[in-house]
file input28.cif (mmCIF, C-alpha atoms)
data_input
loop_
_atom_site.label_atom_id
_atom_site.label_comp_id
_atom_site.auth_asym_id
_atom_site.auth_seq_id
_atom_site.Cartn_x
_atom_site.Cartn_y
_atom_site.Cartn_z
CA MET A 1 0.00 0.00 0.00
CA THR A 2 1.21 3.50 -0.87
CA ALA A 3 0.29 6.03 1.80
CA THR A 4 -0.69 9.49 0.53
CA ILE A 5 0.22 12.31 2.92
CA LEU A 6 -0.91 15.92 2.60
CA VAL A 7 1.54 18.40 4.14
CA VAL A 8 0.01 21.84 4.84
CA ASP A 9 2.53 24.60 5.65
CA ASP A 10 3.33 28.04 4.27
CA GLU A 11 7.11 27.73 4.74
CA PRO A 12 8.62 27.90 1.20
CA ASP A 13 11.46 25.46 1.83
CA LEU A 14 9.47 22.71 3.58
CA GLU A 15 8.28 20.92 0.44
CA ALA A 16 11.83 20.44 -0.90
CA LEU A 17 13.05 19.38 2.54
CA VAL A 18 10.31 16.73 2.97
CA LEU A 19 10.91 15.32 -0.51
CA GLN A 20 14.63 15.12 0.23
CA LYS A 21 14.25 13.47 3.66
CA PHE A 22 11.71 10.87 2.39
CA ARG A 23 13.27 10.23 -1.04
CA ARG A 24 13.93 6.53 -0.27
CA GLN A 25 10.33 5.87 0.81
CA ILE A 26 9.05 7.79 -2.22
CA ARG A 27 11.30 5.79 -4.54
CA GLU A 28 10.17 2.50 -2.96
CA GLY A 29 6.54 3.52 -3.35
CA THR A 30 5.62 3.34 0.33
CA VAL A 31 4.61 7.03 0.56
CA THR A 32 3.68 9.87 -1.74
CA PHE A 33 3.29 13.50 -0.71
CA VAL A 34 0.87 16.25 -1.68
CA PHE A 35 1.48 19.83 -0.54
CA ALA A 36 -0.69 22.86 0.26
CA HIS A 37 0.19 26.29 1.69
CA ASP A 38 -2.91 26.99 3.80
CA GLY A 39 -6.20 25.48 4.91
CA VAL A 40 -8.19 26.61 1.89
CA GLU A 41 -5.71 25.07 -0.52
CA ALA A 42 -5.62 21.93 1.62
CA LEU A 43 -9.39 21.39 1.31
CA GLU A 44 -9.14 21.89 -2.45
CA SER A 45 -6.29 19.38 -2.59
CA ILE A 46 -8.28 16.77 -0.63
CA ALA A 47 -11.22 17.25 -3.00
CA ALA A 48 -8.88 16.59 -5.91
CA ASN A 49 -7.05 13.75 -4.12
CA PRO A 50 -9.62 11.81 -2.05
CA GLN A 51 -7.04 9.04 -1.58
CA VAL A 52 -5.19 11.20 0.99
CA ASP A 53 -4.58 9.01 4.05
CA MET A 54 -3.35 11.58 6.55
CA VAL A 55 -2.71 15.31 6.95
CA VAL A 56 0.29 17.00 8.57
CA SER A 57 -0.64 20.64 9.17
CA ASP A 58 0.98 23.71 10.65
CA ILE A 59 -1.20 25.98 12.79
CA ASN A 60 -0.21 29.52 11.78
CA MET A 61 -1.06 29.99 8.09
CA PRO A 62 -2.81 32.67 5.98
CA ARG A 63 -6.48 32.49 4.87
CA MET A 64 -7.27 29.41 7.01
CA ASP A 65 -5.15 28.31 9.98
CA GLY A 66 -4.46 24.72 10.98
CA LEU A 67 -7.01 24.58 13.80
CA SER A 68 -9.81 25.77 11.47
CA LEU A 69 -8.70 23.22 8.89
CA LEU A 70 -8.79 20.53 11.56
CA SER A 71 -12.38 21.43 12.40
CA LYS A 72 -13.36 21.23 8.72
CA LEU A 73 -11.69 17.85 8.36
CA GLN A 74 -13.55 16.50 11.38
CA GLU A 75 -16.87 17.63 9.88
CA ALA A 76 -16.29 15.60 6.70
CA ASP A 77 -17.93 12.20 6.19
CA GLU A 78 -14.51 10.55 5.98
CA LYS A 79 -12.40 12.11 8.69
CA LYS A 80 -8.70 12.39 7.84
CA SER A 81 -6.21 11.44 10.55
CA THR A 82 -4.43 14.75 11.22
CA VAL A 83 -1.09 15.52 12.86
CA ILE A 84 -0.81 19.15 14.03
CA VAL A 85 2.56 20.97 14.02
CA SER A 86 3.00 23.74 16.57
CA ALA A 87 5.80 25.82 18.04
CA TYR A 88 7.47 24.20 21.01
CA GLY A 89 5.76 25.05 24.26
CA ASP A 90 2.50 26.28 22.68
CA MET A 91 0.42 23.95 24.84
CA ASN A 92 -2.82 25.91 24.46
CA ASN A 93 -2.91 25.28 20.72
CA ILE A 94 -1.85 21.66 21.18
CA ARG A 95 -4.62 21.11 23.74
CA THR A 96 -7.16 22.74 21.41
CA ALA A 97 -6.00 20.56 18.51
CA MET A 98 -6.30 17.34 20.49
CA ASN A 99 -9.74 18.36 21.73
CA ARG A 100 -10.82 18.95 18.13
CA GLY A 101 -9.79 15.45 17.08
CA ALA A 102 -6.11 15.65 16.09
CA PHE A 103 -4.50 12.21 16.02
CA ASP A 104 -1.10 13.44 17.23
CA PHE A 105 1.11 16.56 17.32
CA LEU A 106 4.69 17.58 16.54
CA THR A 107 6.70 20.58 17.67
CA LYS A 108 8.79 22.95 15.59
CA PRO A 109 11.51 22.86 14.53
CA ILE A 110 10.49 19.49 13.04
CA ASP A 111 12.62 16.51 13.94
CA PHE A 112 12.34 14.40 10.76
CA ALA A 113 13.11 11.15 12.59
CA ASP A 114 10.17 11.97 14.89
CA LEU A 115 8.05 12.89 11.85
CA GLU A 116 8.81 9.54 10.20
CA MET A 117 7.82 7.60 13.33
CA THR A 118 4.65 9.67 13.69
CA ILE A 119 3.74 9.03 10.03
CA ASP A 120 4.32 5.27 10.46
CA LYS A 121 2.14 5.21 13.58
CA THR A 122 -0.62 7.24 11.93
CA ILE A 123 -0.65 5.12 8.76
CA ARG A 124 -0.94 1.95 10.85
CA HIS A 125 -3.92 3.53 12.60
CA VAL A 126 -5.47 4.48 9.22
CA GLU A 127 -5.04 0.92 7.92
CA MET A 128 -6.56 -0.51 11.08
CA MET A 129 -9.57 1.81 10.81
CA ARG A 130 -10.02 0.93 7.13
CA GLU A 131 -9.98 -2.76 7.95
CA THR A 132 -12.53 -2.16 10.71
CA ARG A 133 -14.79 -0.28 8.32
CA ARG A 134 -14.35 -3.00 5.69
CA ARG A 135 -15.33 -5.70 8.15
CA GLN A 136 -18.28 -3.63 9.31
CA ALA A 137 -19.45 -3.13 5.72
CA GLU A 138 -19.11 -6.86 5.07
CA ALA A 139 -21.08 -7.62 8.22
CA GLU A 140 -23.82 -5.18 7.18
CA ARG A 141 -24.03 -6.73 3.72
CA ALA A 142 -24.09 -10.21 5.24
CA HIS A 143 -26.78 -9.15 7.70
CA ALA A 144 -28.89 -7.70 4.89
CA SER A 145 -28.63 -10.98 2.99
CA LEU A 146 -29.16 -13.23 6.01
CA SER A 147 -32.18 -11.19 7.14
CA ARG A 148 -34.09 -12.61 4.18
CA TYR A 149 -33.87 -16.06 5.76
CA PHE A 150 -33.27 -15.74 9.48
CA SER A 151 -34.80 -13.96 12.43
CA PRO A 152 -33.00 -10.75 13.46
CA GLN A 153 -31.36 -12.52 16.41
CA ILE A 154 -29.95 -15.35 14.27
CA ALA A 155 -29.00 -13.03 11.38
CA SER A 156 -27.03 -10.74 13.69
CA ARG A 157 -25.16 -13.68 15.21
CA LEU A 158 -24.32 -15.20 11.83
CA ALA A 159 -23.26 -11.86 10.33
CA ALA A 160 -20.97 -11.14 13.29
CA ASP A 161 -19.31 -14.56 13.05
CA SER A 162 -17.89 -15.02 9.56
CA ASP A 163 -16.55 -18.46 10.53
CA SER A 164 -19.82 -19.68 12.03
CA ASP A 165 -20.85 -23.27 11.49
CA GLY A 166 -24.15 -24.21 9.91
CA MET A 167 -23.82 -22.76 6.40
CA GLU A 168 -22.04 -25.77 4.91
CA VAL A 169 -24.29 -28.57 3.59
CA HIS A 170 -24.75 -31.27 6.23
CA TRP A 171 -27.33 -33.63 7.69
CA ARG A 172 -29.29 -32.20 10.59
CA ASP A 173 -32.47 -32.98 12.54
CA VAL A 174 -35.02 -30.27 11.80
CA ALA A 175 -38.70 -29.45 12.03
CA VAL A 176 -40.25 -28.23 8.79
CA ILE A 177 -43.38 -26.20 8.10
CA PHE A 178 -44.85 -26.04 4.61
CA THR A 179 -47.58 -23.53 3.83
CA ASP A 180 -49.76 -23.08 0.75
CA ILE A 181 -52.90 -21.16 -0.21
CA THR A 182 -56.03 -22.72 -1.69
CA GLY A 183 -57.13 -21.26 -5.02
CA PHE A 184 -54.13 -19.00 -5.40
CA THR A 185 -53.68 -19.75 -9.11
CA THR A 186 -57.22 -18.53 -9.81
CA LEU A 187 -56.57 -15.40 -7.78
CA VAL A 188 -53.41 -14.68 -9.82
CA GLU A 189 -55.36 -15.00 -13.07
CA THR A 190 -58.23 -12.75 -12.00
CA ALA A 191 -56.85 -10.07 -9.64
CA PRO A 192 -55.46 -6.78 -11.05
CA PRO A 193 -51.63 -6.70 -10.89
CA ASP A 194 -51.48 -3.79 -8.42
CA ILE A 195 -53.94 -5.52 -6.08
CA LEU A 196 -52.14 -8.85 -6.39
CA GLY A 197 -48.77 -7.23 -5.67
CA ALA A 198 -50.02 -5.49 -2.52
CA LEU A 199 -51.85 -8.64 -1.43
CA LEU A 200 -48.92 -11.01 -1.81
CA ASN A 201 -46.36 -8.59 -0.36
CA GLU A 202 -48.48 -8.08 2.75
CA TYR A 203 -49.12 -11.81 3.08
CA VAL A 204 -45.51 -12.94 2.71
CA GLY A 205 -44.24 -10.09 4.89
CA GLY A 206 -46.71 -10.84 7.66
CA MET A 207 -46.11 -14.60 7.57
CA THR A 208 -42.35 -14.02 7.65
CA ASP A 209 -42.71 -11.75 10.68
CA VAL A 210 -44.57 -14.54 12.49
CA VAL A 211 -41.81 -17.02 11.61
CA PHE A 212 -39.13 -14.64 12.87
CA ASP A 213 -41.08 -14.05 16.09
CA HIS A 214 -40.60 -17.77 16.74
CA GLU A 215 -36.94 -17.60 15.57
CA GLY A 216 -37.60 -19.82 12.58
CA THR A 217 -35.66 -19.83 9.30
CA VAL A 218 -37.40 -19.02 6.02
CA ALA A 219 -35.83 -21.56 3.67
CA LYS A 220 -37.94 -20.90 0.58
CA ILE A 221 -40.63 -18.55 -0.70
CA ILE A 222 -42.11 -19.69 -3.99
CA GLY A 223 -45.07 -17.52 -4.91
CA ASP A 224 -47.55 -18.07 -2.10
CA ALA A 225 -45.76 -21.12 -0.64
CA ILE A 226 -43.37 -20.78 2.30
CA GLN A 227 -40.96 -23.37 3.69
CA VAL A 228 -39.82 -22.84 7.30
CA LEU A 229 -37.08 -24.62 9.26
CA PHE A 230 -36.44 -24.95 12.96
CA ASN A 231 -33.22 -26.17 14.59
CA ALA A 232 -31.25 -24.80 11.64
CA PRO A 233 -28.78 -23.24 11.35
CA GLY A 234 -28.42 -23.05 15.15
CA ASP A 235 -29.43 -25.51 17.84
CA GLN A 236 -32.99 -25.20 19.19
CA PRO A 237 -33.61 -28.08 21.61
CA ASP A 238 -37.35 -27.23 21.66
CA TYR A 239 -37.64 -27.10 17.87
CA ALA A 240 -40.71 -29.38 17.71
CA ARG A 241 -42.58 -27.21 20.22
CA ARG A 242 -41.51 -24.06 18.34
CA ALA A 243 -42.72 -25.49 15.04
CA ILE A 244 -46.19 -26.27 16.40
CA ALA A 245 -46.51 -22.88 18.09
CA CYS A 246 -45.36 -21.16 14.91
CA ALA A 247 -47.80 -23.13 12.73
CA GLN A 248 -50.70 -22.16 14.99
CA ALA A 249 -49.60 -18.50 14.98
CA LEU A 250 -49.30 -18.57 11.17
CA ASP A 251 -52.79 -20.07 10.94
CA ALA A 252 -54.25 -17.32 13.16
CA TRP A 253 -52.47 -14.57 11.23
CA ALA A 254 -53.57 -15.98 7.84
CA LEU A 255 -57.21 -16.21 8.98
CA ALA A 256 -57.19 -12.57 10.09
CA PHE A 257 -55.45 -11.56 6.85
CA ALA A 258 -58.04 -13.31 4.68
CA LEU A 259 -60.84 -11.66 6.65
CA ARG A 260 -59.33 -8.18 6.16
CA TRP A 261 -59.10 -8.65 2.41
CA LYS A 262 -62.57 -10.19 2.19
CA GLU A 263 -63.89 -6.94 3.61
CA LYS A 264 -62.18 -5.22 0.63
CA GLY A 265 -63.94 -7.54 -1.80
CA ILE A 266 -61.04 -9.98 -2.38
CA ASN A 267 -61.63 -13.65 -1.62
CA PHE A 268 -58.27 -14.91 -0.41
CA GLY A 269 -57.95 -18.67 -0.04
CA ALA A 270 -57.31 -20.57 3.17
CA THR A 271 -53.72 -21.19 4.21
CA ARG A 272 -52.88 -24.85 4.77
CA LEU A 273 -49.88 -26.00 6.81
CA GLY A 274 -47.99 -29.27 7.09
CA VAL A 275 -45.41 -29.92 9.83
CA HIS A 276 -42.93 -32.78 10.10
CA ALA A 277 -39.61 -33.47 11.85
CA GLY A 278 -36.62 -35.61 11.02
CA PRO A 279 -33.20 -35.57 9.32
CA ALA A 280 -32.63 -33.30 6.32
CA LEU A 281 -29.73 -32.14 4.19
CA VAL A 282 -29.36 -28.49 5.23
CA GLY A 283 -27.04 -25.68 4.18
CA ASN A 284 -26.17 -23.14 1.52
CA PHE A 285 -26.93 -24.66 -1.88
CA GLY A 286 -26.21 -21.45 -3.78
CA GLY A 287 -22.56 -22.16 -4.58
CA SER A 288 -20.00 -19.36 -4.49
CA ARG A 289 -22.14 -16.80 -6.35
CA PHE A 290 -25.47 -17.00 -4.52
CA PHE A 291 -26.68 -17.59 -0.98
CA ASP A 292 -29.50 -20.14 -0.93
CA TYR A 293 -29.93 -21.60 2.53
CA THR A 294 -32.47 -24.40 2.32
CA ALA A 295 -33.09 -28.09 3.07
CA TYR A 296 -33.73 -31.27 1.08
CA GLY A 297 -34.72 -34.82 1.87
CA ASP A 298 -37.64 -37.08 2.74
CA THR A 299 -38.46 -35.00 5.84
CA ILE A 300 -39.04 -31.95 3.63
CA ASN A 301 -41.14 -33.89 1.13
CA THR A 302 -43.25 -35.38 3.91
CA ALA A 303 -44.02 -31.94 5.36
CA ALA A 304 -45.18 -30.83 1.90
CA ARG A 305 -47.41 -33.92 1.59
CA LEU A 306 -48.92 -33.26 5.02
CA GLU A 307 -49.77 -29.74 3.84
CA SER A 308 -51.55 -31.23 0.82
CA ALA A 309 -53.37 -33.74 3.03
CA ASN A 310 -55.33 -30.90 4.61
CA LYS A 311 -57.25 -30.55 1.33
CA TYR A 312 -58.77 -34.02 1.80
CA LEU A 313 -59.08 -33.95 5.57
CA GLY A 314 -60.78 -30.55 5.79
CA THR A 315 -58.14 -29.35 8.27
CA ARG A 316 -55.81 -26.35 8.03
CA ILE A 317 -52.88 -27.78 10.02
CA CYS A 318 -51.68 -31.36 9.81
CA ILE A 319 -48.62 -32.49 11.78
CA SER A 320 -46.79 -35.78 12.10
CA ALA A 321 -46.34 -37.89 15.21
CA ALA A 322 -42.62 -37.06 15.10
CA VAL A 323 -43.47 -33.42 15.82
CA ALA A 324 -46.25 -34.16 18.28
CA ASP A 325 -44.07 -36.58 20.28
CA GLY A 326 -41.12 -34.17 20.18
CA ALA A 327 -43.17 -31.32 21.61
CA GLY A 328 -43.66 -33.12 24.91
CA ASP A 329 -46.99 -31.71 26.09
CA PHE A 330 -48.76 -31.79 22.74
CA ARG A 331 -52.40 -30.71 22.65
CA GLY A 332 -54.39 -31.95 19.69
CA ARG A 333 -56.44 -34.78 18.27
CA PRO A 334 -55.46 -37.72 16.08
CA VAL A 335 -56.25 -37.64 12.38
CA GLY A 336 -55.29 -41.19 11.46
CA ASP A 337 -52.52 -43.14 9.77
CA LEU A 338 -51.96 -41.46 6.41
CA MET A 339 -50.63 -43.30 3.38
CA LEU A 340 -48.74 -40.45 1.75
CA ARG A 341 -47.39 -40.51 -1.77
CA GLY A 342 -43.79 -41.68 -1.82
CA ARG A 343 -44.00 -43.48 1.53
CA SER A 344 -44.47 -47.23 1.94
CA GLU A 345 -45.45 -47.04 5.61
CA PRO A 346 -48.37 -45.11 7.13
CA LEU A 347 -47.66 -41.91 9.02
CA ARG A 348 -49.66 -41.07 12.15
CA ALA A 349 -50.94 -37.50 11.84
CA TYR A 350 -52.55 -35.06 14.26
CA GLU A 351 -54.40 -31.79 14.21
CA PRO A 352 -52.91 -29.40 16.83
CA MET A 353 -55.36 -27.42 18.93
CA LEU A 354 -55.23 -24.33 21.09
CA ALA A 355 -55.73 -24.84 24.82
CA ASP A 356 -59.39 -23.72 24.96
CA ALA A 357 -60.45 -25.88 22.02
CA PHE A 358 -58.52 -28.87 23.36
CA ALA A 359 -60.29 -28.59 26.71
CA ALA A 360 -63.77 -28.31 25.14
CA PRO A 361 -66.20 -31.26 25.43
CA ALA A 362 -66.28 -31.59 21.65
CA THR A 363 -62.65 -32.73 21.64
CA ALA A 364 -63.34 -35.50 24.13
CA GLN A 365 -66.37 -36.56 22.06
CA TYR A 366 -64.23 -36.72 18.92
CA SER A 367 -61.46 -38.66 20.72
CA GLU A 368 -63.97 -41.24 21.91
CA ALA A 369 -65.29 -41.70 18.37
CA PHE A 370 -61.74 -42.01 17.00
CA ALA A 371 -60.85 -44.62 19.64
CA ARG A 372 -63.85 -46.69 18.49
CA LEU A 373 -62.69 -46.30 14.88
CA GLU A 374 -59.17 -47.41 15.78
CA ALA A 375 -60.52 -50.43 17.65
CA GLY A 376 -62.70 -51.47 14.70
CA ASP A 377 -65.87 -50.91 16.74
CA ALA A 378 -69.04 -50.69 14.65
CA ALA A 379 -70.24 -47.94 17.02
CA ALA A 380 -67.67 -45.60 15.45
CA MET A 381 -70.13 -44.51 12.73
CA PRO A 382 -72.91 -43.35 15.07
CA ALA A 383 -70.27 -41.81 17.34
CA PHE A 384 -68.94 -39.63 14.49
CA ALA A 385 -72.49 -38.92 13.37
CA ALA A 386 -73.19 -37.57 16.84
CA VAL A 387 -70.09 -35.33 16.68
CA VAL A 388 -71.13 -33.95 13.30
CA GLY A 389 -74.69 -33.51 14.48
CA ALA A 390 -73.57 -31.45 17.45
CA HIS A 391 -70.78 -29.62 15.66
CA GLY A 392 -71.57 -29.20 11.98
CA ASP A 393 -68.41 -27.19 11.35
CA ASP A 394 -66.12 -30.04 12.47
CA THR A 395 -64.73 -30.93 9.04
CA LEU A 396 -62.38 -33.64 10.32
CA ALA A 397 -65.24 -35.51 12.02
CA GLY A 398 -67.23 -35.07 8.83
CA PHE A 399 -64.35 -36.58 6.84
CA HIS A 400 -64.32 -39.70 9.00
CA LEU A 401 -68.11 -40.04 8.87
CA LYS A 402 -68.02 -39.85 5.08
CA ARG A 403 -65.31 -42.54 4.99
CA LEU A 404 -67.39 -44.83 7.16
CA LEU A 405 -70.51 -44.25 5.08
CA ASN A 406 -68.48 -45.23 1.98
CA GLY A 407 -67.45 -48.51 3.57
CA ALA A 408 -64.00 -47.65 4.92
CA LYS A 409 -62.78 -49.21 8.15
CA GLY A 410 -60.03 -48.40 10.64
CA ILE A 411 -57.76 -45.39 10.79
CA ARG A 412 -55.48 -46.12 7.83
CA ILE A 413 -56.31 -43.44 5.26
CA HIS A 414 -55.51 -43.50 1.54
CA LEU A 415 -55.84 -39.92 0.36
CA GLU A 416 -57.55 -39.64 -3.02
#
call {"tool": "encode", "arguments": {"input": "input28.cif", "output": "structure tokens"}}
result
Amino acid sequence: MTATILVVDDEPDLEALVLQKFRRQIREGTVTFVFAHDGVEALESIAANPQVDMVVSDINMPRMDGLSLLSKLQEADEKKSTVIVSAYGDMNNIRTAMNRGAFDFLTKPIDFADLEMTIDKTIRHVEMMRETRRRQAEAERAHASLSRYFSPQIASRLAADSDSDGMEVHWRDVAVIFTDITGFTTLVETAPPDILGALLNEYVGGMTDVVFDHEGTVAKIIGDAIQVLFNAPGDQPDYARRAIACAQALDAWALAFALRWKEKGINFGATRLGVHAGPALVGNFGGSRFFDYTAYGDTINTAARLESANKYLGTRICISAAVADGAGDFRGRPVGDLMLRGRSEPLRAYEPMLADAFAAPATAQYSEAFARLEAGDAAAMPAFAAVVGAHGDDTLAGFHLKRLLNGAKGIRIHLE
């Protein structure tokens, strides 16, 4: 690096003396000098030479003295490290200069050995500050990129730690949420572009805020569909519980969102959610040019299939036993053993419930009917009929009653 130094002094012989004393450094390319004769000329020189690294300035000069120049330099966006030169014993000026932000000071007559050491020290300080600013800029850019995927807490931690683990592709146990909107393709084809843009931006923004409130990771946004991860990139021992809580919060937010837009004359579809837990291949799949933190594997596919299962079941949230068991104190009701596409074995699924709904008598009535269905008891049909009779809006009970009326038995469900 070649350091550029601006020397500001009205003594006519100083320029030749400096060039003579530093001829070796100039020849080797370690320093280059620019000269000005007062503060006004110095500011003009800096404007013409923004690469100036430091300023060495006398105090007593015509038009603009060194202390006034120092003040101007400190007001600039990029403050120049300034060394003030003053007559020996002029402590008042030296004190004023240091108070105004001078990096160091020298006394006249100038000792050039002292000047060389002061320049070396100042340039090291300039390089250190530049490196600090560079790292800060990199961290800010990283934070801006990571904020697309991670909650503010996680993004800040990852941006601050450039060597942090978790970005490389590796196998990891995660909980996954998949969301989708019913009838979204029709909405895209019929809604005016400005309305659709505002609608989708508000929806995705609001859903992402809910995810970040639960410290989840947004792995993908494809149109109206959102893929969310928990326990990645950092450890979250309660990731199953977080995933369920987040799914319920997303469901509540989406319901309120759809109601707001319905009042504006826009019929926004229901948001369906599938939640599963298990191993997945997680990391940055964007290569060296792009950052694409996401996850792949059977666990991800299963969460997507659970989301689709809601369409047949009449539910909005469908979660696997892996998530329900991992949560510890899960509140919800069983759906059945689903035969999902791509899986040879059935997957026990549940519908999570909020505390008030779980404690309601209707839940106990449904659970009793489901237990009869699981046991192969012929009384399961009238039991579900009673649930539907008392609670006509219970779509899951209605689903099971319809199955039984069509001759199905047991809790193994082939979704068609």
call {"tool": "atom_distance", "arguments": {"input": "input28.cif", "atom1": "CA of Gly205 (chain A)", "atom2": "CA of Ala191 (chain A)"}}
result
19.2 Å
call {"tool": "resolve_selection", "arguments": {"input": "input28.cif", "expression": "the PyMOL selection byres ((chain A and resi 118-134) around 9)", "output": "PyMOL selection string"}}
result
chain A and resi 3+5+53-54+56+80-83+103-106+113-117+135-139
call {"tool": "residues_around", "arguments": {"input": "input28.cif", "residues": "Gln248 (chain A)", "least_positions_apart": "4", "cutoff": "9 Å", "atoms": "all atoms listed in the file", "output": "compact mmCIF listing (two decimals) with C-alpha atoms, in the coordinates of the input"}}
result
# COMPACT_ATOMS: atom_id res chain seq x y z
CA ALA A 243 -42.72 -25.49 15.04
CA ILE A 244 -46.19 -26.27 16.40
CA ALA A 252 -54.25 -17.32 13.16
CA TRP A 253 -52.47 -14.57 11.23
CA ILE A 317 -52.88 -27.78 10.02
CA PRO A 352 -52.91 -29.40 16.83
CA MET A 353 -55.36 -27.42 18.93
CA LEU A 354 -55.23 -24.33 21.09
call {"tool": "residues_around", "arguments": {"input": "input28.cif", "residues": "region 361-376 of chain A", "least_positions_apart": "5", "cutoff": "9 Å", "atoms": "all atoms listed in the file", "output": "number ranges by chain"}}
result
A: 332-336, 381-384, 386-387, 390-391, 397, 400, 409-412
call {"tool": "atom_distance", "arguments": {"input": "input28.cif", "atom1": "CA of Ile177 (chain A)", "atom2": "CA of Cys246 (chain A)"}}
result
8.7 Å
call {"tool": "resolve_selection", "arguments": {"input": "input28.cif", "expression": "the PyMOL selection byres ((chain A and resi 217-219) around 8)", "output": "CSV table (one decimal) with C-alpha atoms, in the coordinates of the input"}}
result
chain,number,residue,atom,x,y,z
A,148,ARG,CA,-34.1,-12.6,4.2
A,149,TYR,CA,-33.9,-16.1,5.8
A,150,PHE,CA,-33.3,-15.7,9.5
A,151,SER,CA,-34.8,-14.0,12.4
A,208,THR,CA,-42.4,-14.0,7.6
A,211,VAL,CA,-41.8,-17.0,11.6
A,212,PHE,CA,-39.1,-14.6,12.9
A,215,GLU,CA,-36.9,-17.6,15.6
A,216,GLY,CA,-37.6,-19.8,12.6
A,220,LYS,CA,-37.9,-20.9,0.6
A,221,ILE,CA,-40.6,-18.6,-0.7
A,226,ILE,CA,-43.4,-20.8,2.3
A,227,GLN,CA,-41.0,-23.4,3.7
A,228,VAL,CA,-39.8,-22.8,7.3
A,229,LEU,CA,-37.1,-24.6,9.3
A,230,PHE,CA,-36.4,-25.0,13.0
A,232,ALA,CA,-31.2,-24.8,11.6
A,233,PRO,CA,-28.8,-23.2,11.4
A,292,ASP,CA,-29.5,-20.1,-0.9
A,293,TYR,CA,-29.9,-21.6,2.5
A,294,THR,CA,-32.5,-24.4,2.3
A,295,ALA,CA,-33.1,-28.1,3.1
call {"tool": "resolve_selection", "arguments": {"input": "input28.cif", "expression": "the PyMOL selection byres ((chain A and resi 300-307) around 6)", "output": "list of chain:residue names"}}
result
A:Phe178, A:Arg272, A:Leu273, A:Gly274, A:Val275, A:His276, A:Tyr296, A:Gly297, A:Asp298, A:Thr299, A:Ser308, A:Ala309, A:Asn310, A:Cys318
call {"tool": "atom_distance", "arguments": {"input": "input28.cif", "atom1": "CA of Asn92 (chain A)", "atom2": "CA of Met64 (chain A)"}}
result
18.3 Å
call {"tool": "closest_residue", "arguments": {"input": "input28.cif", "among": "A:Glu75, A:Glu168, A:Asp38, A:Asp9", "to": "Val282 (chain A)", "atoms": "only C-alpha atoms"}}
result
A:Glu168
call {"tool": "closest_residue", "arguments": {"input": "input28.cif", "among": "A:Glu189, A:Asp251, A:Asp173, A:Glu11", "to": "Met207 (chain A)", "atoms": "all atoms listed in the file"}}
result
A:Asp251
call {"tool": "closest_residue", "arguments": {"input": "input28.cif", "among": "A:Ala277, A:Val7, A:Ala360, A:Leu404", "to": "Ala42 (chain A)", "atoms": "all atoms listed in the file"}}
result
A:Val7
call {"tool": "residues_around", "arguments": {"input": "input28.cif", "residues": "Ala97 (chain A)", "least_positions_apart": "4", "cutoff": "12 Å", "atoms": "all atoms listed in the file", "output": "JSON list (two decimals) with C-alpha atoms, in the coordinates of the input"}}
result
[["chain", "number", "residue", "atom", "x", "y", "z"],
["A", 57, "SER", "CA", -0.64, 20.64, 9.17],
["A", 58, "ASP", "CA", 0.98, 23.71, 10.65],
["A", 59, "ILE", "CA", -1.20, 25.98, 12.79],
["A", 65, "ASP", "CA", -5.15, 28.31, 9.98],
["A", 66, "GLY", "CA", -4.46, 24.72, 10.98],
["A", 67, "LEU", "CA", -7.01, 24.58, 13.80],
["A", 68, "SER", "CA", -9.81, 25.77, 11.47],
["A", 69, "LEU", "CA", -8.70, 23.22, 8.89],
["A", 70, "LEU", "CA", -8.79, 20.53, 11.56],
["A", 71, "SER", "CA", -12.38, 21.43, 12.40],
["A", 73, "LEU", "CA", -11.69, 17.85, 8.36],
["A", 74, "GLN", "CA", -13.55, 16.50, 11.38],
["A", 82, "THR", "CA", -4.43, 14.75, 11.22],
["A", 83, "VAL", "CA", -1.09, 15.52, 12.86],
["A", 84, "ILE", "CA", -0.81, 19.15, 14.03],
["A", 85, "VAL", "CA", 2.56, 20.97, 14.02],
["A", 86, "SER", "CA", 3.00, 23.74, 16.57],
["A", 90, "ASP", "CA", 2.50, 26.28, 22.68],
["A", 91, "MET", "CA", 0.42, 23.95, 24.84],
["A", 92, "ASN", "CA", -2.82, 25.91, 24.46],
["A", 93, "ASN", "CA", -2.91, 25.28, 20.72],
["A", 101, "GLY", "CA", -9.79, 15.45, 17.08],
["A", 102, "ALA", "CA", -6.11, 15.65, 16.09],
["A", 103, "PHE", "CA", -4.50, 12.21, 16.02],
["A", 104, "ASP", "CA", -1.10, 13.44, 17.23],
["A", 105, "PHE", "CA", 1.11, 16.56, 17.32],
["A", 106, "LEU", "CA", 4.69, 17.58, 16.54]]
call {"tool": "closest_residue", "arguments": {"input": "input28.cif", "among": "A:Leu196, A:Ala378, A:Val323, A:Ile181", "to": "Ala254 (chain A)", "atoms": "all atoms listed in the file"}}
result
A:Ile181
